[in-house]
Amino acid sequence: MLKDFKEFAMRGNVVDLAVGIVIGAAFGKIVSSFVNDILMPVVGLLLGKMDFSNLFVNLSGTNYPTIAAAKAAGAPTLNYGLFINSIVDFVIVAFAIFLIIRQINRMKKPAAVEAPSKKDCPFCYSQINIKATICPSCTSRLEAD
């Protein structure tokens, strides 16, 4: 059983998947940092010094200046600014993955087209060897192509 698990774990696909997950997690952190630390502050500045990460609706009825203050007080909040940041994160990651997959597909060689080895008999429509001069099914003489 241990031997079977070792063979499964060391198979190429499993190792590739593990590497992909690790790289994906690191890439996600980079994109999150880009969105939270570079992109959203610029968007907020263009929209009148708005900080998206601090946009929330307090459900307790008490006013709090920040999400941190509301959480410290234990107040329930709807953090729609953080949700907007997450949506922007997702869109950037999805677009980056789209571009990567698109480039990988461009680099792939097109599949080699094999010459046909069979043809249809014009009399009985059965599949026969392309070099055949007589159909083995209906014994009709075939014209040379």
# chains A, B, ... in the order shown; residues from 1 in each chain; ligands from 1

call {"tool": "select_by_dssp", "arguments": {"residues": "chain A", "states": "strand (DSSP E or B)", "output": "PyMOL selection string"}}
result
chain A and resi 57-58+77-78+118-120+127-129+134+141

call {"tool": "residues_around", "arguments": {"residues": "Gln127 in chain A", "least_positions_apart": "3", "cutoff": "10 Å", "atoms": "only C-alpha atoms", "output": "PyMOL selection string"}}
result
chain A and resi 117-122+124+130+135-137

call {"tool": "write_last_selection", "arguments": {"atoms": "N, CA and C atoms", "output": "compact mmCIF listing (two decimals), in the first residue's frame"}}
result
# COMPACT_ATOMS: atom_id res chain seq x y z
N SER A 117 -5.43 6.42 -44.57
CA SER A 117 -5.06 5.04 -44.92
C SER A 117 -6.27 4.25 -45.40
N LYS A 118 -7.44 4.83 -45.30
CA LYS A 118 -8.67 4.16 -45.72
C LYS A 118 -9.46 5.08 -46.64
N LYS A 119 -10.31 4.47 -47.45
CA LYS A 119 -11.23 5.22 -48.30
C LYS A 119 -12.55 4.46 -48.35
N ASP A 120 -13.59 5.11 -48.84
CA ASP A 120 -14.90 4.48 -48.98
C ASP A 120 -15.02 3.89 -50.38
N CYS A 121 -15.58 2.71 -50.44
CA CYS A 121 -15.89 2.09 -51.73
C CYS A 121 -17.06 2.87 -52.32
N PRO A 122 -16.95 3.32 -53.58
CA PRO A 122 -18.06 4.10 -54.17
C PRO A 122 -19.30 3.27 -54.47
N CYS A 124 -20.32 0.12 -52.43
CA CYS A 124 -20.98 -0.39 -51.22
C CYS A 124 -20.72 0.48 -49.99
N ILE A 130 -6.65 2.27 -48.77
CA ILE A 130 -6.56 3.30 -49.80
C ILE A 130 -5.87 2.78 -51.07
N CYS A 135 -12.71 -3.96 -54.20
CA CYS A 135 -13.33 -3.88 -52.87
C CYS A 135 -13.49 -5.29 -52.31
N PRO A 136 -12.96 -5.56 -51.11
CA PRO A 136 -13.10 -6.90 -50.54
C PRO A 136 -14.54 -7.22 -50.11
N SER A 137 -15.38 -6.22 -49.98
CA SER A 137 -16.76 -6.47 -49.53
C SER A 137 -17.68 -6.79 -50.70

call {"tool": "residues_around", "arguments": {"residues": "Pro41 in chain A", "least_positions_apart": "5", "cutoff": "9 Å", "atoms": "only C-alpha atoms", "output": "JSON, numbers by chain"}}
result
{"A": [35, 36, 46, 49, 50, 51, 52]}

call {"tool": "atom_distance", "arguments": {"atom1": "CA of Asn85 in chain A", "atom2": "CA of Ser32 in chain A"}}
result
8.5 Å

call {"tool": "closest_residue", "arguments": {"among": "A:Val31, A:Asn63, A:Gly44, A:Leu142", "to": "Ala94 in chain A", "atoms": "only C-alpha atoms"}}
result
A:Val31

call {"tool": "select_by_dssp", "arguments": {"residues": "chain A", "states": "helix (DSSP H, G or I)", "output": "VMD selection string"}}
result
chain A and resid 2 to 10 12 to 46 52 to 54 67 to 72 80 to 107

call {"tool": "residues_around", "arguments": {"residues": "range 77-83 of chain A", "least_positions_apart": "5", "cutoff": "10 Å", "atoms": "only C-alpha atoms", "output": "PyMOL selection string"}}
result
chain A and resi 36+51-60+67+70-71+88-89

call {"tool": "write_last_selection", "arguments": {"atoms": "N, CA and C atoms", "output": "PDB file, in the first residue's frame"}}
result
ATOM      1  N   ASN A  36      -4.018  45.788  -3.645  1.00  0.00           N
ATOM      2  CA  ASN A  36      -4.227  46.509  -2.384  1.00  0.00           C
ATOM      3  C   ASN A  36      -3.250  47.655  -2.177  1.00  0.00           C
ATOM      4  N   ASP A  51     -10.831  55.298   0.142  1.00  0.00           N
ATOM      5  CA  ASP A  51     -10.120  54.069   0.496  1.00  0.00           C
ATOM      6  C   ASP A  51     -11.114  52.916   0.438  1.00  0.00           C
ATOM      7  N   PHE A  52     -11.008  52.101  -0.608  1.00  0.00           N
ATOM      8  CA  PHE A  52     -11.970  51.009  -0.797  1.00  0.00           C
ATOM      9  C   PHE A  52     -11.921  49.994   0.328  1.00  0.00           C
ATOM     10  N   SER A  53     -10.729  49.737   0.855  1.00  0.00           N
ATOM     11  CA  SER A  53     -10.613  48.712   1.895  1.00  0.00           C
ATOM     12  C   SER A  53     -11.316  49.119   3.182  1.00  0.00           C
ATOM     13  N   ASN A  54     -11.691  50.370   3.307  1.00  0.00           N
ATOM     14  CA  ASN A  54     -12.351  50.834   4.528  1.00  0.00           C
ATOM     15  C   ASN A  54     -13.834  51.175   4.292  1.00  0.00           C
ATOM     16  N   LEU A  55     -14.395  50.697   3.194  1.00  0.00           N
ATOM     17  CA  LEU A  55     -15.818  50.919   2.939  1.00  0.00           C
ATOM     18  C   LEU A  55     -16.608  49.780   3.575  1.00  0.00           C
ATOM     19  N   PHE A  56     -17.553  50.125   4.427  1.00  0.00           N
ATOM     20  CA  PHE A  56     -18.349  49.104   5.102  1.00  0.00           C
ATOM     21  C   PHE A  56     -19.673  49.684   5.550  1.00  0.00           C
ATOM     22  N   VAL A  57     -20.602  48.787   5.823  1.00  0.00           N
ATOM     23  CA  VAL A  57     -21.900  49.164   6.387  1.00  0.00           C
ATOM     24  C   VAL A  57     -21.967  48.522   7.762  1.00  0.00           C
ATOM     25  N   ASN A  58     -22.187  49.346   8.768  1.00  0.00           N
ATOM     26  CA  ASN A  58     -22.277  48.856  10.139  1.00  0.00           C
ATOM     27  C   ASN A  58     -23.711  48.405  10.400  1.00  0.00           C
ATOM     28  N   LEU A  59     -23.877  47.178  10.827  1.00  0.00           N
ATOM     29  CA  LEU A  59     -25.214  46.631  11.042  1.00  0.00           C
ATOM     30  C   LEU A  59     -25.723  46.824  12.479  1.00  0.00           C
ATOM     31  N   SER A  60     -24.867  47.335  13.368  1.00  0.00           N
ATOM     32  CA  SER A  60     -25.274  47.491  14.765  1.00  0.00           C
ATOM     33  C   SER A  60     -25.925  48.839  15.040  1.00  0.00           C
ATOM     34  N   ILE A  67     -13.200  49.980   9.812  1.00  0.00           N
ATOM     35  CA  ILE A  67     -13.577  48.576   9.984  1.00  0.00           C
ATOM     36  C   ILE A  67     -12.893  48.003  11.213  1.00  0.00           C
ATOM     37  N   ALA A  70     -14.769  48.917  14.282  1.00  0.00           N
ATOM     38  CA  ALA A  70     -16.020  48.173  14.378  1.00  0.00           C
ATOM     39  C   ALA A  70     -15.758  46.727  14.793  1.00  0.00           C
ATOM     40  N   LYS A  71     -14.712  46.123  14.231  1.00  0.00           N
ATOM     41  CA  LYS A  71     -14.385  44.744  14.609  1.00  0.00           C
ATOM     42  C   LYS A  71     -13.913  44.651  16.054  1.00  0.00           C
ATOM     43  N   VAL A  88     -11.530  42.833  -7.933  1.00  0.00           N
ATOM     44  CA  VAL A  88     -10.436  43.342  -8.766  1.00  0.00           C
ATOM     45  C   VAL A  88      -9.282  42.336  -8.777  1.00  0.00           C
ATOM     46  N   ASP A  89      -8.955  41.770  -7.612  1.00  0.00           N
ATOM     47  CA  ASP A  89      -7.940  40.704  -7.513  1.00  0.00           C
ATOM     48  C   ASP A  89      -8.248  39.577  -8.488  1.00  0.00           C
TER      49      ASP A  89
END

call {"tool": "closest_residue", "arguments": {"among": "A:Ile97, A:Cys138, A:Ala72, A:Met40", "to": "Ile84 in chain A", "atoms": "only C-alpha atoms"}}
result
A:Met40

call {"tool": "closest_residue", "arguments": {"among": "A:Ala75, A:Lys6, A:Val14, A:Phe123", "to": "Arg141 in chain A", "atoms": "only C-alpha atoms"}}
result
A:Phe123
